[in-house]
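Colleague: Got target-v6.txt for you, compact mmCIF, C-alpha atoms:
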# COMPACT_ATOMS: atom_id res chain seq x y z
CA MET A 11 -7.27 -14.08 20.88
CA TRP A 12 -8.32 -12.37 17.63
CA ALA A 13 -11.45 -14.51 17.53
CA LEU A 14 -12.41 -13.01 20.90
CA VAL A 15 -11.45 -9.41 20.14
CA LYS A 16 -12.80 -9.10 16.59
CA PRO A 17 -16.55 -9.36 17.44
CA PHE A 18 -16.17 -6.57 20.00
CA LEU A 19 -14.31 -4.31 17.58
CA PHE A 20 -16.88 -4.96 14.87
CA LEU A 21 -19.60 -3.63 17.20
CA LEU A 22 -17.93 -0.22 16.96
CA PRO A 23 -18.05 2.06 13.92
CA ALA A 24 -15.20 1.02 11.62
CA GLU A 25 -13.18 4.23 11.93
CA THR A 26 -13.63 4.36 15.72
CA ALA A 27 -12.52 0.72 16.02
CA HIS A 28 -9.40 1.45 13.97
CA GLU A 29 -8.35 4.42 16.11
CA TRP A 30 -9.12 2.67 19.39
CA SER A 31 -7.39 -0.59 18.53
CA MET A 32 -4.24 1.16 17.29
CA LYS A 33 -4.01 3.28 20.43
CA VAL A 34 -4.30 0.17 22.60
CA PHE A 35 -1.84 -1.76 20.43
CA SER A 36 0.67 1.11 20.49
CA THR A 37 0.45 1.27 24.28
CA LEU A 38 1.02 -2.47 24.66
CA ASP A 39 3.92 -2.30 22.19
CA ARG A 40 5.80 -0.07 24.63
CA LEU A 41 6.09 -3.06 26.97
CA PRO A 42 9.32 -4.77 25.82
CA PHE A 43 8.17 -8.29 26.63
CA VAL A 44 4.98 -7.80 24.60
CA ARG A 45 6.86 -6.61 21.52
CA ARG A 46 9.50 -9.33 21.77
CA SER A 47 6.89 -12.04 22.21
CA LEU A 48 4.77 -10.80 19.32
CA PHE A 49 7.77 -10.42 17.02
CA ARG A 50 8.89 -13.98 17.77
CA LEU A 51 5.44 -15.22 16.79
CA THR A 52 5.07 -13.15 13.61
CA ASN A 53 8.58 -12.91 12.16
CA ILE A 54 9.30 -15.65 9.62
CA ASP A 55 13.07 -15.52 9.23
CA ASP A 56 13.72 -17.40 5.99
CA ARG A 57 16.27 -16.22 3.43
CA ARG A 58 14.04 -17.43 0.58
CA LEU A 59 11.55 -14.67 1.46
CA GLN A 60 14.18 -11.94 1.12
CA THR A 61 14.07 -9.99 -2.10
CA ASP A 62 15.77 -6.96 -3.65
CA VAL A 63 13.56 -4.47 -5.45
CA CYS A 64 14.85 -1.15 -6.80
CA GLY A 65 18.06 -1.64 -4.82
CA ILE A 66 16.18 -2.08 -1.54
CA ARG A 67 16.38 -5.31 0.48
CA PHE A 68 12.98 -6.49 1.78
CA ARG A 69 13.12 -9.20 4.47
CA ASN A 70 9.86 -10.58 3.11
CA PRO A 71 7.50 -9.52 0.31
CA VAL A 72 4.41 -8.74 2.43
CA GLY A 73 3.86 -5.05 3.14
CA LEU A 74 1.17 -2.93 4.75
CA ALA A 75 -0.68 -0.75 2.25
CA ALA A 76 -1.18 2.97 2.70
CA GLY A 77 -4.23 4.14 4.64
CA PHE A 78 -3.61 2.23 7.86
CA ASP A 79 -1.14 4.75 9.29
CA LYS A 80 -1.98 8.05 7.66
CA ASN A 81 0.06 10.36 9.89
CA ALA A 82 3.19 8.32 10.69
CA ARG A 83 2.08 7.57 14.24
CA TRP A 84 1.93 3.76 14.29
CA PHE A 85 4.46 2.39 11.82
CA GLY A 86 6.84 1.39 14.61
CA PRO A 87 4.41 -0.79 16.56
CA LEU A 88 2.99 -2.23 13.32
CA SER A 89 6.40 -3.57 12.36
CA ALA A 90 6.01 -6.13 15.19
CA LEU A 91 3.40 -7.91 13.04
CA GLY A 92 6.07 -9.27 10.69
CA PHE A 93 5.74 -6.93 7.69
CA GLY A 94 8.63 -6.58 5.28
CA SER A 95 7.53 -3.02 4.53
CA ILE A 96 5.06 -0.45 5.81
CA GLU A 97 3.68 2.37 3.70
CA ILE A 98 2.41 5.45 5.50
CA GLY A 99 -0.06 8.00 4.13
CA SER A 100 -1.61 9.03 1.90
CA LEU A 101 -0.14 12.38 2.88
CA THR A 102 -1.04 15.66 1.23
CA GLY A 103 0.78 18.96 1.03
CA GLN A 104 -1.76 20.55 3.37
CA GLY A 105 -3.60 18.93 6.26
CA GLN A 106 -7.28 18.26 5.59
CA PRO A 107 -10.18 16.64 7.45
CA GLY A 108 -11.32 14.43 4.60
CA ASN A 109 -14.93 13.66 3.80
CA PRO A 110 -17.75 13.81 6.36
CA LYS A 111 -18.29 10.82 8.66
CA PRO A 112 -19.35 8.04 8.46
CA ARG A 113 -16.94 7.28 5.65
CA LEU A 114 -15.66 3.75 6.35
CA PHE A 115 -18.00 0.76 6.13
CA ARG A 116 -17.55 -2.98 6.67
CA LEU A 117 -19.07 -5.61 4.41
CA PRO A 118 -18.47 -8.71 6.60
CA SER A 119 -20.14 -11.22 4.31
CA ASP A 120 -17.76 -10.13 1.54
CA HIS A 121 -14.67 -9.62 3.74
CA ALA A 122 -14.57 -6.15 2.24
CA LEU A 123 -14.62 -2.45 3.07
CA ILE A 124 -16.00 0.62 1.37
CA ASN A 125 -14.27 3.88 2.19
CA ARG A 126 -14.61 7.47 1.11
CA MET A 127 -12.06 8.87 3.53
CA GLY A 128 -10.88 11.60 1.16
CA PHE A 129 -7.18 11.71 2.13
CA ASN A 130 -7.89 12.74 5.72
CA ASN A 131 -4.49 13.52 7.24
CA GLN A 132 -2.62 16.19 9.16
CA GLY A 133 -0.40 17.03 6.22
CA ALA A 134 3.18 16.32 5.21
CA GLU A 135 4.69 18.79 7.67
CA ILE A 136 3.13 17.11 10.73
CA ALA A 137 4.10 13.69 9.38
CA ALA A 138 7.69 14.89 9.03
CA ILE A 139 7.62 16.04 12.66
CA ASN A 140 6.24 12.67 13.76
CA LEU A 141 8.91 10.86 11.78
CA GLY A 142 11.60 13.13 13.20
CA LYS A 143 10.55 12.18 16.73
CA SER A 144 10.68 8.48 15.90
CA ASN A 145 13.72 6.25 15.58
CA VAL A 146 13.29 5.86 11.84
CA ALA A 147 16.89 4.75 11.34
CA ALA A 148 16.39 1.78 13.67
CA PHE A 149 13.06 0.94 12.03
CA ARG A 150 14.60 0.92 8.56
CA LYS A 151 17.23 -1.61 9.60
CA THR A 152 14.55 -4.31 9.58
CA THR A 153 11.50 -2.88 7.80
CA VAL A 154 11.26 -0.84 4.59
CA LEU A 155 9.44 2.49 4.95
CA GLY A 156 7.35 3.71 2.03
CA ILE A 157 5.61 7.09 1.92
CA ASN A 158 2.46 7.53 -0.14
CA LEU A 159 1.66 11.02 -1.44
CA GLY A 160 -1.72 12.36 -2.57
CA LYS A 161 -3.04 15.73 -3.74
CA THR A 162 -4.61 18.25 -1.38
CA LYS A 163 -8.31 18.52 -2.24
CA VAL A 164 -8.41 22.34 -2.49
CA VAL A 165 -5.41 22.42 -4.82
CA PRO A 166 -6.50 22.46 -8.48
CA ASN A 167 -5.02 19.84 -10.79
CA GLU A 168 -3.06 22.57 -12.57
CA GLN A 169 -1.06 23.04 -9.35
CA ALA A 170 -0.82 19.35 -8.43
CA ASN A 171 2.86 19.11 -9.33
CA GLN A 172 3.83 21.72 -6.73
CA ASP A 173 1.60 20.09 -4.10
CA TYR A 174 3.20 16.66 -4.53
CA ALA A 175 6.66 18.23 -4.71
CA SER A 176 6.27 20.07 -1.41
CA SER A 177 5.37 16.82 0.37
CA PHE A 178 8.19 14.96 -1.39
CA ARG A 179 10.74 17.52 -0.24
CA LEU A 180 9.58 17.51 3.39
CA LEU A 181 9.52 13.72 3.70
CA TYR A 182 12.56 12.86 1.60
CA PRO A 183 14.95 12.16 4.50
CA PHE A 184 12.71 9.46 5.93
CA ALA A 185 11.55 7.34 2.98
CA ASP A 186 13.03 4.23 1.44
CA TYR A 187 10.63 4.73 -1.47
CA PHE A 188 7.78 7.03 -2.48
CA VAL A 189 4.39 6.38 -4.05
CA LEU A 190 2.47 8.89 -6.14
CA ASN A 191 -1.20 8.18 -5.55
CA VAL A 192 -3.21 9.51 -8.49
CA SER A 193 -5.88 6.84 -8.29
CA SER A 194 -7.99 7.34 -5.15
CA PRO A 195 -11.68 7.60 -6.12
CA ASN A 196 -12.44 9.86 -3.15
CA THR A 197 -10.76 13.13 -4.19
CA PRO A 198 -12.69 14.84 -7.01
CA GLY A 199 -10.70 15.01 -10.22
CA LEU A 200 -7.69 13.12 -8.87
CA ARG A 201 -7.93 10.24 -11.32
CA GLU A 202 -7.64 12.74 -14.17
CA LEU A 203 -3.94 12.87 -13.26
CA GLN A 204 -3.64 9.32 -14.63
CA GLU A 205 -4.06 10.73 -18.13
CA ARG A 206 -0.87 10.80 -20.19
CA GLU A 207 0.09 14.49 -20.27
CA PRO A 208 -0.56 15.47 -16.62
CA LEU A 209 0.95 12.20 -15.42
CA ILE A 210 4.19 12.64 -17.38
CA SER A 211 4.40 16.25 -16.18
CA LEU A 212 4.00 15.19 -12.55
CA LEU A 213 6.55 12.40 -12.90
CA HIS A 214 9.09 14.73 -14.51
CA THR A 215 8.66 17.27 -11.70
CA VAL A 216 9.18 14.65 -9.00
CA ASP A 217 12.10 13.06 -10.84
CA GLN A 218 13.94 16.36 -11.14
CA LEU A 219 13.39 17.08 -7.45
CA ASN A 220 14.46 13.53 -6.57
CA THR A 221 17.76 14.02 -8.38
CA GLU A 222 18.36 17.41 -6.74
CA LEU A 223 17.63 16.17 -3.20
CA ALA A 224 19.74 13.04 -3.64
CA ALA A 225 22.71 15.10 -4.79
CA ALA A 226 22.30 17.63 -1.98
CA SER A 227 22.02 14.89 0.64
CA GLN A 228 24.69 12.69 -0.97
CA VAL A 229 22.37 9.68 -0.93
CA SER A 230 20.83 7.46 -3.58
CA ARG A 231 17.67 8.76 -5.25
CA ARG A 232 14.46 7.39 -3.80
CA PRO A 233 12.57 4.91 -5.99
CA VAL A 234 9.18 6.29 -7.08
CA PHE A 235 6.19 4.02 -7.62
CA LEU A 236 2.97 4.96 -9.35
CA LYS A 237 -0.27 3.68 -7.79
CA ILE A 238 -3.03 3.07 -10.32
CA ALA A 239 -6.75 2.35 -10.27
CA PRO A 240 -8.28 -1.05 -11.05
CA ASP A 241 -10.97 0.67 -13.13
CA LEU A 242 -8.70 1.53 -16.07
CA THR A 243 -9.41 0.03 -19.49
CA ASP A 244 -6.85 -2.16 -21.26
CA GLU A 245 -6.01 0.80 -23.48
CA GLN A 246 -5.35 2.98 -20.44
CA LEU A 247 -3.31 0.22 -18.79
CA GLN A 248 -1.21 -0.10 -21.94
CA GLN A 249 -0.58 3.65 -21.80
CA ILE A 250 0.47 3.35 -18.15
CA ALA A 251 2.85 0.52 -19.11
CA GLU A 252 4.42 2.71 -21.81
CA ILE A 253 4.90 5.56 -19.34
CA ALA A 254 6.32 3.14 -16.77
CA ALA A 255 9.01 2.16 -19.25
CA GLN A 256 10.54 5.61 -18.80
CA PRO A 257 13.43 6.00 -16.33
CA PHE A 258 11.46 8.41 -14.12
CA VAL A 259 9.15 5.57 -13.01
CA ASP A 260 10.72 2.88 -10.85
CA GLY A 261 7.67 0.67 -10.42
CA LEU A 262 3.89 0.34 -10.26
CA ILE A 263 1.39 -0.44 -7.51
CA ALA A 264 -1.68 -2.29 -8.73
CA THR A 265 -4.24 -1.53 -7.52
CA ASN A 266 -6.11 1.08 -5.53
CA THR A 267 -9.74 0.57 -4.48
CA THR A 268 -12.48 0.23 -7.09
CA ILE A 269 -15.66 2.18 -7.73
CA ALA A 270 -17.21 -1.01 -9.15
CA ARG A 271 -19.25 -3.40 -6.99
CA PRO A 272 -18.38 -6.83 -8.43
CA GLY A 273 -20.46 -9.82 -7.31
CA LEU A 274 -21.13 -8.76 -3.73
CA LYS A 275 -23.01 -10.91 -1.24
CA THR A 276 -24.01 -7.81 0.68
CA SER A 277 -27.56 -6.74 -0.22
CA VAL A 278 -28.16 -4.13 -2.88
CA GLU A 279 -30.16 -2.15 -0.33
CA GLN A 280 -27.19 -1.94 2.04
CA ILE A 281 -24.77 -1.05 -0.74
CA THR A 282 -27.13 1.68 -1.92
CA LYS A 283 -27.43 3.02 1.62
CA ILE A 284 -23.63 3.18 1.99
CA GLY A 285 -23.30 5.06 -1.30
CA MET A 286 -20.09 6.26 -2.91
CA GLY A 287 -16.60 5.05 -2.04
CA GLY A 288 -13.78 2.74 -2.98
CA LEU A 289 -14.25 -0.98 -2.46
CA SER A 290 -11.37 -3.04 -1.05
CA GLY A 291 -11.02 -6.63 0.11
CA GLN A 292 -11.76 -10.01 -1.41
CA PRO A 293 -14.15 -8.83 -4.17
CA LEU A 294 -11.29 -6.75 -5.60
CA TYR A 295 -8.80 -9.62 -5.78
CA SER A 296 -9.69 -10.97 -9.24
CA ARG A 297 -9.44 -7.57 -10.89
CA SER A 298 -6.20 -6.67 -9.13
CA LEU A 299 -4.70 -9.98 -10.21
CA GLU A 300 -5.84 -9.34 -13.78
CA VAL A 301 -4.23 -5.87 -13.78
CA VAL A 302 -0.94 -7.22 -12.37
CA ARG A 303 -0.90 -9.94 -15.01
CA PHE A 304 -1.60 -7.39 -17.79
CA LEU A 305 1.07 -4.94 -16.61
CA TYR A 306 3.69 -7.64 -16.21
CA ARG A 307 3.18 -8.71 -19.81
CA ALA A 308 2.94 -5.14 -21.09
CA THR A 309 6.20 -4.10 -19.40
CA GLY A 310 7.98 -7.34 -20.22
CA GLY A 311 8.58 -7.82 -16.50
CA LYS A 312 11.14 -5.01 -16.58
CA LYS A 313 9.52 -2.82 -13.91
CA PRO A 314 8.61 -4.15 -10.46
CA ILE A 315 4.94 -4.32 -9.54
CA ILE A 316 3.54 -4.25 -6.03
CA GLY A 317 0.36 -6.32 -6.05
CA VAL A 318 -2.39 -5.16 -3.70
CA GLY A 319 -6.12 -5.74 -3.60
CA GLY A 320 -8.00 -8.48 -1.78
CA ILE A 321 -5.02 -10.59 -0.71
CA SER A 322 -5.92 -12.42 2.50
CA ASN A 323 -4.09 -15.76 2.39
CA SER A 324 -0.93 -17.42 1.09
CA ALA A 325 -2.64 -19.01 -1.93
CA GLN A 326 -3.71 -15.58 -3.22
CA ALA A 327 -0.30 -14.13 -2.37
CA TRP A 328 1.43 -16.86 -4.36
CA GLU A 329 -0.91 -16.41 -7.32
CA MET A 330 -0.23 -12.67 -7.31
CA ILE A 331 3.54 -13.22 -7.24
CA THR A 332 3.53 -15.76 -10.04
CA ALA A 333 1.32 -13.38 -12.07
CA GLY A 334 4.08 -10.77 -11.88
CA ALA A 335 4.10 -9.01 -8.50
CA SER A 336 7.57 -8.57 -7.00
CA LEU A 337 6.04 -7.43 -3.71
CA LEU A 338 2.63 -7.55 -2.03
CA GLN A 339 0.56 -5.32 0.22
CA ILE A 340 -2.43 -6.04 2.41
CA TYR A 341 -4.92 -3.87 4.29
CA THR A 342 -8.45 -5.23 4.44
CA GLY A 343 -7.10 -8.77 4.80
CA LEU A 344 -5.38 -7.68 8.02
CA ILE A 345 -8.58 -6.22 9.44
CA TYR A 346 -10.53 -9.41 8.87
CA GLY A 347 -7.68 -11.86 9.44
CA GLY A 348 -6.05 -10.32 12.48
CA PRO A 349 -2.47 -9.79 13.66
CA PHE A 350 -1.10 -13.15 12.51
CA THR A 351 -2.19 -12.69 8.89
CA VAL A 352 1.30 -11.68 7.73
CA SER A 353 3.03 -14.64 9.36
CA LYS A 354 0.46 -17.06 7.91
CA ILE A 355 1.01 -15.66 4.42
CA ASN A 356 4.79 -15.81 4.73
CA ARG A 357 4.73 -19.38 6.04
CA GLY A 358 2.55 -20.36 3.11
CA LEU A 359 4.92 -18.66 0.67
CA VAL A 360 7.87 -20.62 2.07
CA GLN A 361 5.92 -23.83 1.49
CA GLN A 362 5.07 -22.79 -2.08
CA LEU A 363 8.70 -21.94 -2.84
CA ALA A 364 9.78 -25.38 -1.63
CA ARG A 365 7.00 -27.12 -3.55
CA HIS A 366 7.95 -25.43 -6.83
CA GLY A 367 11.71 -25.70 -6.37
CA PHE A 368 12.44 -21.97 -6.14
CA ASP A 369 15.30 -20.66 -4.01
CA SER A 370 13.85 -17.17 -3.67
CA ILE A 371 10.74 -15.04 -4.18
CA SER A 372 12.39 -13.26 -7.10
CA GLN A 373 12.62 -16.55 -9.02
CA ALA A 374 8.87 -17.04 -8.66
CA VAL A 375 7.86 -13.57 -9.91
CA GLY A 376 5.95 -13.92 -13.18
CA SER A 377 6.58 -17.66 -13.38
CA ALA A 378 2.94 -18.35 -14.31
CA HIS A 379 3.62 -16.69 -17.65
CA ASN A 380 6.10 -19.44 -18.46
CA ASP A 381 3.49 -22.22 -18.22
I need this file expressed as structure tokens, please.
Modeller:
Amino acid sequence: MWALVKPFLFLLPAETAHEWSMKVFSTLDRLPFVRRSLFRLTNIDDRRLQTDVCGIRFRNPVGLAAGFDKNARWFGPLSALGFGSIEIGSLTGQGQPGNPKPRLFRLPSDHALINRMGFNNQGAEIAAINLGKSNVAAFRKTTVLGINLGKTKVVPNEQANQDYASSFRLLYPFADYFVLNVSSPNTPGLRELQEREPLISLLHTVDQLNTELAAASQVSRRPVFLKIAPDLTDEQLQQIAEIAAQPFVDGLIATNTTIARPGLKTSVEQITKIGMGGLSGQPLYSRSLEVVRFLYRATGGKKPIIGVGGISNSAQAWEMITAGASLLQIYTGLIYGGPFTVSKINRGLVQQLARHGFDSISQAVGSAHND
């Protein structure tokens, strides 16, 4: 079916195709027999895939990365594709239109995308309303819900802490975990927040608020992950690892999109015509794997890492896990691979676990470092 649908969708502008396909998919998902049938096909129910990270039970390690469901409209239907977790956002304190269109481009020969979306979203308040209208409690019984937070473009970096905090407060009741995105290349000045002093300040602000909200709600504090860029130097990655060792960081997500253009098959002329933006998909995989491997060693494996960037099959997923990723996320791989991508990856992971004699995903994490 995907082989028939994909060529049609790829005739449309990338952003139009995304909106149209998700509206159709969401409509079909309302038909109970469709959802049940799809879930039976995509859900790989194997205890070896289950893993606990930061006190949260994931039914499998494959999650959907932020960017696919920016406004918390589609996470429910998307759970029928077999994901262990879905991350919504990035959400900002204020709604914003993002960068001018066109801003999302396919590179089919590279199985890649370039985007300069610019955190287009309706804002944290609208997302909270959408979540409030949804049966989040039922969703969270089977699928982990992550919420990714970014900075509003018009807010100066000096006021970034308050911007992130306002979103964190609004969305706190709905999240299993939060992500602080300080690494998108499409918001001017955002990556400056990865520097030591502003980053520690932001993390302290969120940690204090996390403690206050948990106490007021009489619930456990929400784990907070830090999403980093693949374009950091080894020195900068080492600094991130040192910051991550602090108790106010629960884990890392490696990596965001890259501003580099490594070894593309797409012509230079076409890349030049597209212009600025973050590259995702298969060309990013090697660098993301390298960053995960570096961070796992630098942290001594003591902080969980979510590996994301170019994963499209079970072999890459397994390599990322054995390099040190406790969990995985996909995005571009889903667009090119279709709705059964998650189930194919999970089936392959089960086979790899059996082949290597592991009883669980957690046993395999970082095992390549033992060779």
Colleague: Counting all atoms listed in the file, which residues come within 12 Å of (-8.2, -4.2, -20.0), with the point read in the file's coordinates, and could you list them as a list in words?
Modeller: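 Residues with an atom close enough to that point: Ala239, Pro240, Asp241, Leu242, Thr243, Asp244, Glu245, Gln246, Leu247, Gln248, Gln249, Ile250, Arg297, Ser298, Leu299, Glu300, Val301, Val302, Arg303, Phe304, Leu305 and Ala308 of chain A.
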Colleague: Between A:Ala264, A:Ala138, A:Ala122, A:Leu223, single out the one closest to Val189 of chain A, counting all atoms listed in the file.
Modeller: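 Residue with the minimum atom-to-atom distance to Val189 of chain A: A:Ala264.
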Colleague: For the contact check between segment 245-342 of chain A and segment 354-370 of chain A, emit one row per residue of segment 245-342 of chain A within 10 Å, containing the shortest atom pair and the distance in Å rounded to one decimal, counting only C-alpha atoms, chain then rising number order, as a Markdown table.
Modeller:
| residue | atom | partner | partner_atom | distance |
| --- | --- | --- | --- | --- |
| A:Ile321 | CA | A:Ile355 | CA | 9.4 |
| A:Ser322 | CA | A:Ile355 | CA | 7.9 |
| A:Asn323 | CA | A:Ile355 | CA | 5.5 |
| A:Ser324 | CA | A:Ile355 | CA | 4.2 |
| A:Ala325 | CA | A:Gly358 | CA | 7.4 |
| A:Gln326 | CA | A:Ile355 | CA | 9.0 |
| A:Ala327 | CA | A:Ile355 | CA | 7.1 |
| A:Trp328 | CA | A:Leu359 | CA | 6.4 |
| A:Ile331 | CA | A:Leu359 | CA | 9.7 |
Colleague: One decimal, Å: what's the distance from atom CA of Ile136 of chain A over to atom CA of Ile238 of chain A, could you say?
Modeller: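 Atom-to-atom, atom CA of Ile136 of chain A to atom CA of Ile238 of chain A, that is 26.0 Å.
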Colleague: Give me the residues near Gly86 of chain A as an mmCIF file with C-alpha atoms, in the frame of the given file, where near means some atom within 9 Å (using only C-alpha atoms) and where sequence neighbours in that chain fewer than 3 positions away do not count.
Modeller:
data_model
loop_
_atom_site.group_PDB
_atom_site.id
_atom_site.type_symbol
_atom_site.label_atom_id
_atom_site.label_comp_id
_atom_site.auth_asym_id
_atom_site.auth_seq_id
_atom_site.Cartn_x
_atom_site.Cartn_y
_atom_site.Cartn_z
ATOM 1 C CA SER A 36 0.670 1.110 20.490
ATOM 2 C CA ASP A 39 3.920 -2.300 22.190
ATOM 3 C CA ALA A 82 3.190 8.320 10.690
ATOM 4 C CA ARG A 83 2.080 7.570 14.240
ATOM 5 C CA SER A 89 6.400 -3.570 12.360
ATOM 6 C CA ALA A 90 6.010 -6.130 15.190
ATOM 7 C CA SER A 144 10.680 8.480 15.900
ATOM 8 C CA ASN A 145 13.720 6.250 15.580
ATOM 9 C CA VAL A 146 13.290 5.860 11.840
ATOM 10 C CA PHE A 149 13.060 0.940 12.030
#
Colleague: Have segment 49-63 of chain A completed to N, CA and C atoms, please, and pass it along as a compact mmCIF listing (two decimals), keeping the file's coordinate frame.
Modeller:
# COMPACT_ATOMS: atom_id res chain seq x y z
N PHE A 49 6.84 -10.33 18.15
CA PHE A 49 7.77 -10.42 17.02
C PHE A 49 8.24 -11.86 16.80
N ARG A 50 8.47 -12.58 17.90
CA ARG A 50 8.89 -13.98 17.77
C ARG A 50 7.80 -14.82 17.09
N LEU A 51 6.55 -14.47 17.35
CA LEU A 51 5.44 -15.22 16.79
C LEU A 51 5.17 -14.86 15.32
N THR A 52 5.45 -13.62 14.94
CA THR A 52 5.07 -13.15 13.61
C THR A 52 6.21 -13.12 12.61
N ASN A 53 7.45 -13.05 13.07
CA ASN A 53 8.58 -12.91 12.16
C ASN A 53 8.99 -14.27 11.60
N ILE A 54 8.88 -14.42 10.30
CA ILE A 54 9.30 -15.65 9.62
C ILE A 54 10.64 -15.37 8.98
N ASP A 55 11.70 -15.82 9.66
CA ASP A 55 13.07 -15.52 9.23
C ASP A 55 13.56 -16.62 8.28
N ASP A 56 13.32 -16.42 7.00
CA ASP A 56 13.72 -17.40 5.99
C ASP A 56 14.34 -16.64 4.82
N ARG A 57 15.56 -16.97 4.48
CA ARG A 57 16.27 -16.22 3.43
C ARG A 57 15.55 -16.27 2.10
N ARG A 58 14.75 -17.31 1.86
CA ARG A 58 14.04 -17.43 0.58
C ARG A 58 12.99 -16.33 0.41
N LEU A 59 12.54 -15.75 1.52
CA LEU A 59 11.55 -14.67 1.46
C LEU A 59 12.19 -13.32 1.16
N GLN A 60 13.50 -13.21 1.35
CA GLN A 60 14.18 -11.94 1.12
C GLN A 60 14.22 -11.64 -0.37
N THR A 61 14.05 -10.36 -0.69
CA THR A 61 14.07 -9.99 -2.10
C THR A 61 14.57 -8.57 -2.25
N ASP A 62 15.29 -8.30 -3.34
CA ASP A 62 15.77 -6.96 -3.65
C ASP A 62 14.91 -6.35 -4.75
N VAL A 63 14.37 -5.19 -4.47
CA VAL A 63 13.56 -4.47 -5.45
C VAL A 63 14.02 -3.01 -5.47
